[in-house]
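File shown: run20.cif. Contents: mmCIF, N, CA and C atoms; chains and numbers go by the auth columns.
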```
data_data
loop_
_atom_site.group_PDB
_atom_site.id
_atom_site.type_symbol
_atom_site.label_atom_id
_atom_site.label_comp_id
_atom_site.label_asym_id
_atom_site.label_seq_id
_atom_site.Cartn_x
_atom_site.Cartn_y
_atom_site.Cartn_z
_atom_site.B_iso_or_equiv
_atom_site.auth_seq_id
_atom_site.auth_asym_id
ATOM 1 N N ALA A 1 -14.064 -4.082 3.823 0.00 1 A
ATOM 2 C CA ALA A 1 -13.397 -3.535 4.987 0.00 1 A
ATOM 3 C C ALA A 1 -11.889 -3.571 4.754 0.00 1 A
ATOM 4 N N PHE A 2 -11.228 -2.504 5.134 0.00 2 A
ATOM 5 C CA PHE A 2 -9.786 -2.390 5.011 0.00 2 A
ATOM 6 C C PHE A 2 -9.173 -2.248 6.391 0.00 2 A
ATOM 7 N N GLN A 3 -7.987 -2.818 6.563 0.00 3 A
ATOM 8 C CA GLN A 3 -7.255 -2.664 7.814 0.00 3 A
ATOM 9 C C GLN A 3 -5.780 -2.493 7.486 0.00 3 A
ATOM 10 N N LEU A 4 -5.193 -1.438 7.997 0.00 4 A
ATOM 11 C CA LEU A 4 -3.776 -1.200 7.775 0.00 4 A
ATOM 12 C C LEU A 4 -2.971 -2.202 8.584 0.00 4 A
ATOM 13 N N GLU A 5 -2.184 -3.007 7.890 0.00 5 A
ATOM 14 C CA GLU A 5 -1.314 -3.976 8.559 0.00 5 A
ATOM 15 C C GLU A 5 -0.070 -3.279 9.099 0.00 5 A
ATOM 16 N N GLY A 6 0.467 -2.353 8.320 0.00 6 A
ATOM 17 C CA GLY A 6 1.626 -1.603 8.787 0.00 6 A
ATOM 18 C C GLY A 6 2.378 -0.964 7.638 0.00 6 A
ATOM 19 N N VAL A 7 3.342 -0.152 8.007 0.00 7 A
ATOM 20 C CA VAL A 7 4.221 0.483 7.027 0.00 7 A
ATOM 21 C C VAL A 7 5.661 0.303 7.500 0.00 7 A
ATOM 22 N N LYS A 8 6.568 0.276 6.548 0.00 8 A
ATOM 23 C CA LYS A 8 7.973 0.090 6.868 0.00 8 A
ATOM 24 C C LYS A 8 8.803 0.949 5.937 0.00 8 A
ATOM 25 N N ILE A 9 9.770 1.650 6.502 0.00 9 A
ATOM 26 C CA ILE A 9 10.726 2.398 5.690 0.00 9 A
ATOM 27 C C ILE A 9 11.926 1.490 5.470 0.00 9 A
ATOM 28 N N THR A 10 12.357 1.393 4.233 0.00 10 A
ATOM 29 C CA THR A 10 13.480 0.538 3.889 0.00 10 A
ATOM 30 C C THR A 10 14.366 1.240 2.874 0.00 10 A
ATOM 31 N N GLU A 11 15.566 0.780 2.752 0.00 11 A
ATOM 32 C CA GLU A 11 16.500 1.297 1.755 0.00 11 A
ATOM 33 C C GLU A 11 16.597 0.290 0.616 0.00 11 A
ATOM 34 N N ALA A 12 16.501 0.775 -0.609 0.00 12 A
ATOM 35 C CA ALA A 12 16.657 -0.085 -1.786 0.00 12 A
ATOM 36 C C ALA A 12 17.110 0.779 -2.948 0.00 12 A
ATOM 37 N N PHE A 13 18.054 0.292 -3.687 0.00 13 A
ATOM 38 C CA PHE A 13 18.532 0.975 -4.890 0.00 13 A
ATOM 39 C C PHE A 13 19.044 2.381 -4.587 0.00 13 A
ATOM 40 N N GLY A 14 19.578 2.549 -3.378 0.00 14 A
ATOM 41 C CA GLY A 14 20.106 3.846 -2.986 0.00 14 A
ATOM 42 C C GLY A 14 19.056 4.876 -2.623 0.00 14 A
ATOM 43 N N GLU A 15 17.828 4.456 -2.400 0.00 15 A
ATOM 44 C CA GLU A 15 16.718 5.362 -2.070 0.00 15 A
ATOM 45 C C GLU A 15 15.987 4.867 -0.834 0.00 15 A
ATOM 46 N N SER A 16 15.340 5.769 -0.117 0.00 16 A
ATOM 47 C CA SER A 16 14.449 5.403 0.980 0.00 16 A
ATOM 48 C C SER A 16 13.057 5.170 0.406 0.00 16 A
ATOM 49 N N LEU A 17 12.492 4.027 0.742 0.00 17 A
ATOM 50 C CA LEU A 17 11.159 3.655 0.266 0.00 17 A
ATOM 51 C C LEU A 17 10.273 3.308 1.445 0.00 17 A
ATOM 52 N N VAL A 18 8.980 3.557 1.289 0.00 18 A
ATOM 53 C CA VAL A 18 7.996 3.106 2.260 0.00 18 A
ATOM 54 C C VAL A 18 7.186 1.995 1.612 0.00 18 A
ATOM 55 N N ILE A 19 7.033 0.903 2.342 0.00 19 A
ATOM 56 C CA ILE A 19 6.197 -0.213 1.899 0.00 19 A
ATOM 57 C C ILE A 19 5.028 -0.295 2.864 0.00 19 A
ATOM 58 N N ALA A 20 3.824 -0.404 2.329 0.00 20 A
ATOM 59 C CA ALA A 20 2.619 -0.479 3.149 0.00 20 A
ATOM 60 C C ALA A 20 1.886 -1.784 2.869 0.00 20 A
ATOM 61 N N GLY A 21 1.296 -2.343 3.919 0.00 21 A
ATOM 62 C CA GLY A 21 0.453 -3.527 3.788 0.00 21 A
ATOM 63 C C GLY A 21 -0.945 -3.215 4.308 0.00 21 A
ATOM 64 N N VAL A 22 -1.945 -3.569 3.516 0.00 22 A
ATOM 65 C CA VAL A 22 -3.343 -3.322 3.865 0.00 22 A
ATOM 66 C C VAL A 22 -4.115 -4.613 3.640 0.00 22 A
ATOM 67 N N HIS A 23 -4.821 -5.074 4.675 0.00 23 A
ATOM 68 C CA HIS A 23 -5.691 -6.233 4.503 0.00 23 A
ATOM 69 C C HIS A 23 -7.062 -5.763 4.026 0.00 23 A
ATOM 70 N N VAL A 24 -7.630 -6.517 3.100 0.00 24 A
ATOM 71 C CA VAL A 24 -8.969 -6.221 2.592 0.00 24 A
ATOM 72 C C VAL A 24 -9.776 -7.516 2.579 0.00 24 A
ATOM 73 N N VAL A 25 -11.054 -7.411 2.940 0.00 25 A
ATOM 74 C CA VAL A 25 -11.954 -8.545 2.832 0.00 25 A
ATOM 75 C C VAL A 25 -12.501 -8.547 1.416 0.00 25 A
ATOM 76 N N ASP A 26 -12.290 -9.649 0.721 0.00 26 A
ATOM 77 C CA ASP A 26 -12.698 -9.792 -0.680 0.00 26 A
ATOM 78 C C ASP A 26 -13.579 -11.035 -0.787 0.00 26 A
ATOM 79 N N GLY A 27 -14.895 -10.825 -0.661 0.00 27 A
ATOM 80 C CA GLY A 27 -15.809 -11.962 -0.620 0.00 27 A
ATOM 81 C C GLY A 27 -15.595 -12.717 0.679 0.00 27 A
ATOM 82 N N ARG A 28 -15.233 -14.006 0.555 0.00 28 A
ATOM 83 C CA ARG A 28 -14.941 -14.813 1.747 0.00 28 A
ATOM 84 C C ARG A 28 -13.454 -14.835 2.072 0.00 28 A
ATOM 85 N N ASP A 29 -12.651 -14.212 1.244 0.00 29 A
ATOM 86 C CA ASP A 29 -11.202 -14.216 1.423 0.00 29 A
ATOM 87 C C ASP A 29 -10.715 -12.910 2.032 0.00 29 A
ATOM 88 N N THR A 30 -9.565 -13.003 2.653 0.00 30 A
ATOM 89 C CA THR A 30 -8.846 -11.820 3.102 0.00 30 A
ATOM 90 C C THR A 30 -7.558 -11.754 2.297 0.00 30 A
ATOM 91 N N ARG A 31 -7.273 -10.588 1.748 0.00 31 A
ATOM 92 C CA ARG A 31 -6.076 -10.415 0.931 0.00 31 A
ATOM 93 C C ARG A 31 -5.181 -9.351 1.535 0.00 31 A
ATOM 94 N N LEU A 32 -3.884 -9.542 1.369 0.00 32 A
ATOM 95 C CA LEU A 32 -2.917 -8.529 1.761 0.00 32 A
ATOM 96 C C LEU A 32 -2.531 -7.751 0.519 0.00 32 A
ATOM 97 N N LEU A 33 -2.869 -6.476 0.509 0.00 33 A
ATOM 98 C CA LEU A 33 -2.486 -5.592 -0.581 0.00 33 A
ATOM 99 C C LEU A 33 -1.193 -4.887 -0.171 0.00 33 A
ATOM 100 N N THR A 34 -0.287 -4.714 -1.106 0.00 34 A
ATOM 101 C CA THR A 34 0.960 -4.020 -0.805 0.00 34 A
ATOM 102 C C THR A 34 1.167 -2.888 -1.796 0.00 34 A
ATOM 103 N N GLY A 35 1.811 -1.853 -1.314 0.00 35 A
ATOM 104 C CA GLY A 35 2.133 -0.715 -2.162 0.00 35 A
ATOM 105 C C GLY A 35 3.427 -0.086 -1.681 0.00 35 A
ATOM 106 N N SER A 36 4.015 0.725 -2.524 0.00 36 A
ATOM 107 C CA SER A 36 5.277 1.361 -2.157 0.00 36 A
ATOM 108 C C SER A 36 5.325 2.778 -2.714 0.00 36 A
ATOM 109 N N ALA A 37 6.197 3.576 -2.096 0.00 37 A
ATOM 110 C CA ALA A 37 6.410 4.944 -2.562 0.00 37 A
ATOM 111 C C ALA A 37 7.791 5.388 -2.099 0.00 37 A
ATOM 112 N N GLU A 38 8.445 6.187 -2.919 0.00 38 A
ATOM 113 C CA GLU A 38 9.737 6.762 -2.575 0.00 38 A
ATOM 114 C C GLU A 38 9.535 7.916 -1.589 0.00 38 A
ATOM 115 N N VAL A 39 10.399 7.993 -0.595 0.00 39 A
ATOM 116 C CA VAL A 39 10.358 9.113 0.335 0.00 39 A
ATOM 117 C C VAL A 39 11.014 10.300 -0.355 0.00 39 A
ATOM 118 N N ARG A 40 10.219 11.308 -0.653 0.00 40 A
ATOM 119 C CA ARG A 40 10.742 12.515 -1.308 0.00 40 A
ATOM 120 C C ARG A 40 10.695 13.706 -0.376 0.00 40 A
ATOM 121 N N GLU A 41 9.559 13.983 0.205 0.00 41 A
ATOM 122 C CA GLU A 41 9.391 15.115 1.127 0.00 41 A
ATOM 123 C C GLU A 41 9.462 14.617 2.564 0.00 41 A
ATOM 124 N N ALA A 42 8.457 13.868 2.962 0.00 42 A
ATOM 125 C CA ALA A 42 8.353 13.386 4.339 0.00 42 A
ATOM 126 C C ALA A 42 7.937 11.913 4.323 0.00 42 A
ATOM 127 N N PRO A 43 8.387 11.133 5.295 0.00 43 A
ATOM 128 C CA PRO A 43 7.992 9.721 5.334 0.00 43 A
ATOM 129 C C PRO A 43 6.487 9.531 5.510 0.00 43 A
ATOM 130 N N GLU A 44 5.832 10.462 6.204 0.00 44 A
ATOM 131 C CA GLU A 44 4.375 10.359 6.375 0.00 44 A
ATOM 132 C C GLU A 44 3.660 10.480 5.035 0.00 44 A
ATOM 133 N N GLU A 45 4.129 11.391 4.199 0.00 45 A
ATOM 134 C CA GLU A 45 3.542 11.547 2.867 0.00 45 A
ATOM 135 C C GLU A 45 3.767 10.286 2.035 0.00 45 A
ATOM 136 N N ALA A 46 4.958 9.730 2.105 0.00 46 A
ATOM 137 C CA ALA A 46 5.246 8.503 1.367 0.00 46 A
ATOM 138 C C ALA A 46 4.387 7.345 1.866 0.00 46 A
ATOM 139 N N ALA A 47 4.106 7.299 3.171 0.00 47 A
ATOM 140 C CA ALA A 47 3.245 6.246 3.714 0.00 47 A
ATOM 141 C C ALA A 47 1.832 6.335 3.150 0.00 47 A
ATOM 142 N N VAL A 48 1.305 7.538 3.072 0.00 48 A
ATOM 143 C CA VAL A 48 -0.033 7.733 2.487 0.00 48 A
ATOM 144 C C VAL A 48 -0.026 7.305 1.023 0.00 48 A
ATOM 145 N N LEU A 49 0.993 7.693 0.287 0.00 49 A
ATOM 146 C CA LEU A 49 1.075 7.329 -1.131 0.00 49 A
ATOM 147 C C LEU A 49 1.233 5.817 -1.311 0.00 49 A
ATOM 148 N N ALA A 50 1.942 5.155 -0.408 0.00 50 A
ATOM 149 C CA ALA A 50 2.099 3.705 -0.490 0.00 50 A
ATOM 150 C C ALA A 50 0.775 2.992 -0.244 0.00 50 A
ATOM 151 N N VAL A 51 -0.013 3.490 0.714 0.00 51 A
ATOM 152 C CA VAL A 51 -1.338 2.906 0.963 0.00 51 A
ATOM 153 C C VAL A 51 -2.234 3.110 -0.256 0.00 51 A
ATOM 154 N N LEU A 52 -2.184 4.290 -0.832 0.00 52 A
ATOM 155 C CA LEU A 52 -2.975 4.538 -2.050 0.00 52 A
ATOM 156 C C LEU A 52 -2.516 3.650 -3.197 0.00 52 A
ATOM 157 N N ASP A 53 -1.213 3.427 -3.312 0.00 53 A
ATOM 158 C CA ASP A 53 -0.686 2.542 -4.347 0.00 53 A
ATOM 159 C C ASP A 53 -1.268 1.138 -4.197 0.00 53 A
ATOM 160 N N ALA A 54 -1.337 0.659 -2.980 0.00 54 A
ATOM 161 C CA ALA A 54 -1.891 -0.675 -2.726 0.00 54 A
ATOM 162 C C ALA A 54 -3.386 -0.733 -3.010 0.00 54 A
ATOM 163 N N THR A 55 -4.133 0.222 -2.487 0.00 55 A
ATOM 164 C CA THR A 55 -5.592 0.153 -2.593 0.00 55 A
ATOM 165 C C THR A 55 -6.106 0.538 -3.969 0.00 55 A
ATOM 166 N N ASN A 56 -5.435 1.440 -4.659 0.00 56 A
ATOM 167 C CA ASN A 56 -5.900 1.842 -5.996 0.00 56 A
ATOM 168 C C ASN A 56 -5.911 0.665 -6.961 0.00 56 A
ATOM 169 N N ARG A 57 -4.900 -0.174 -6.910 0.00 57 A
ATOM 170 C CA ARG A 57 -4.880 -1.356 -7.802 0.00 57 A
ATOM 171 C C ARG A 57 -6.056 -2.268 -7.509 0.00 57 A
ATOM 172 N N TRP A 58 -6.384 -2.447 -6.225 0.00 58 A
ATOM 173 C CA TRP A 58 -7.501 -3.314 -5.859 0.00 58 A
ATOM 174 C C TRP A 58 -8.815 -2.716 -6.369 0.00 58 A
ATOM 175 N N PHE A 59 -9.010 -1.406 -6.150 0.00 59 A
ATOM 176 C CA PHE A 59 -10.240 -0.749 -6.619 0.00 59 A
ATOM 177 C C PHE A 59 -10.356 -0.815 -8.136 0.00 59 A
ATOM 178 N N GLN A 60 -9.262 -0.620 -8.854 0.00 60 A
ATOM 179 C CA GLN A 60 -9.304 -0.672 -10.319 0.00 60 A
ATOM 180 C C GLN A 60 -9.680 -2.067 -10.818 0.00 60 A
ATOM 181 N N SER A 61 -9.212 -3.099 -10.146 0.00 61 A
ATOM 182 C CA SER A 61 -9.525 -4.458 -10.588 0.00 61 A
ATOM 183 C C SER A 61 -10.940 -4.878 -10.191 0.00 61 A
ATOM 184 N N HIS A 62 -11.580 -4.143 -9.273 0.00 62 A
ATOM 185 C CA HIS A 62 -12.933 -4.489 -8.827 0.00 62 A
ATOM 186 C C HIS A 62 -13.991 -3.477 -9.252 0.00 62 A
ATOM 187 N N SER A 63 -13.630 -2.544 -10.105 0.00 63 A
ATOM 188 C CA SER A 63 -14.623 -1.580 -10.579 0.00 63 A
ATOM 189 C C SER A 63 -15.173 -2.035 -11.924 0.00 63 A
ATOM 190 N N GLY A 64 -16.342 -1.593 -12.150 0.00 64 A
ATOM 191 C CA GLY A 64 -16.810 -1.757 -13.422 0.00 64 A
ATOM 192 C C GLY A 64 -17.742 -2.601 -13.997 0.00 64 A
#
```
Would you mind writing the file's structure down as structure tokens?
Amino acid sequence: AFQLEGVKITEAFGESLVIAGVHVVDGRDTRLLTGSAEVREAPEEAAVLAVLDATNRWFQSHSG
């Protein structure tokens, strides 16, 4: 099960970035996955990409 904790737009290195937090149930543990993406077109698009950045790493480490 996944639950979006939230997203935040922040400035770093002279760029606008979106940071996303997603909680995932991993066995008996709950983990906070984080991901980020640069705002290029729209902040909504960057938010989706940040969530994918967080969850893709988790899926890659648990596949196979």
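All residues of chain A that DSSP, run on the backbone, classes as alpha helix (DSSP H) are A:Pro43, A:Glu44, A:Glu45, A:Ala46, A:Ala47, A:Val48, A:Leu49, A:Ala50, A:Val51, A:Leu52, A:Asp53, A:Ala54, A:Thr55, A:Asn56, A:Arg57, A:Trp58, A:Phe59, A:Gln60, A:Ser61.
Distances from A:Ser16, A:Thr10, A:Thr55, A:Gln60 to Leu33 in chain A were compared using all atoms listed in the file, and the smallest one belongs to A:Thr55.
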Could you tell me how far CA of Glu15 in chain A lies from CA of Leu32 in chain A, in Å and to one decimal? 24.4 Å
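Reported to one decimal place, the separation of CA of Gly21 in chain A from CA of Gln3 in chain A is 8.7 Å.
From CA of Val18 in chain A back to CA of Glu44 in chain A, the distance works out to 9.1 Å.
The nearest approach to Val7 in chain A among the residues A:Ala50, A:Val25, A:Ala42, A:Ala20, with only C-alpha atoms taken into account, belongs to A:Ala20.
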Based on DSSP run over this structure's backbone, return all residues of chain A in strand (DSSP E or B), as a ChimeraX atom specification. /A:2-12,15-26,29-38
Between A:Leu4, A:Ile19, A:Ile9, A:Val39, smallest distance to Asp53 in chain A by only C-alpha atoms belongs to A:Ile19
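With all atoms listed in the file as the atoms that count, the residue of A:Ala1, A:Gly14, A:Val51, A:Gly6 with the shortest distance to Gly35 in chain A is A:Val51.
Comparing A:Val48, A:Val22, A:Ala54, A:Leu17 by their smallest distance to Phe2 in chain A, the closest is A:Val22 (using all atoms listed in the file).
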Step by step, gather every atom of range 41-51 of chain A that the file lists, find the box along x, y and z that holds them, add 6 Å on each side, and finally give centre and edge lengths in Å to one decimal, as JSON.
```
{"center_x": 3.7, "center_y": 9.0, "center_z": 2.5, "size_x": 23.8, "size_y": 24.2, "size_z": 19.7}
```
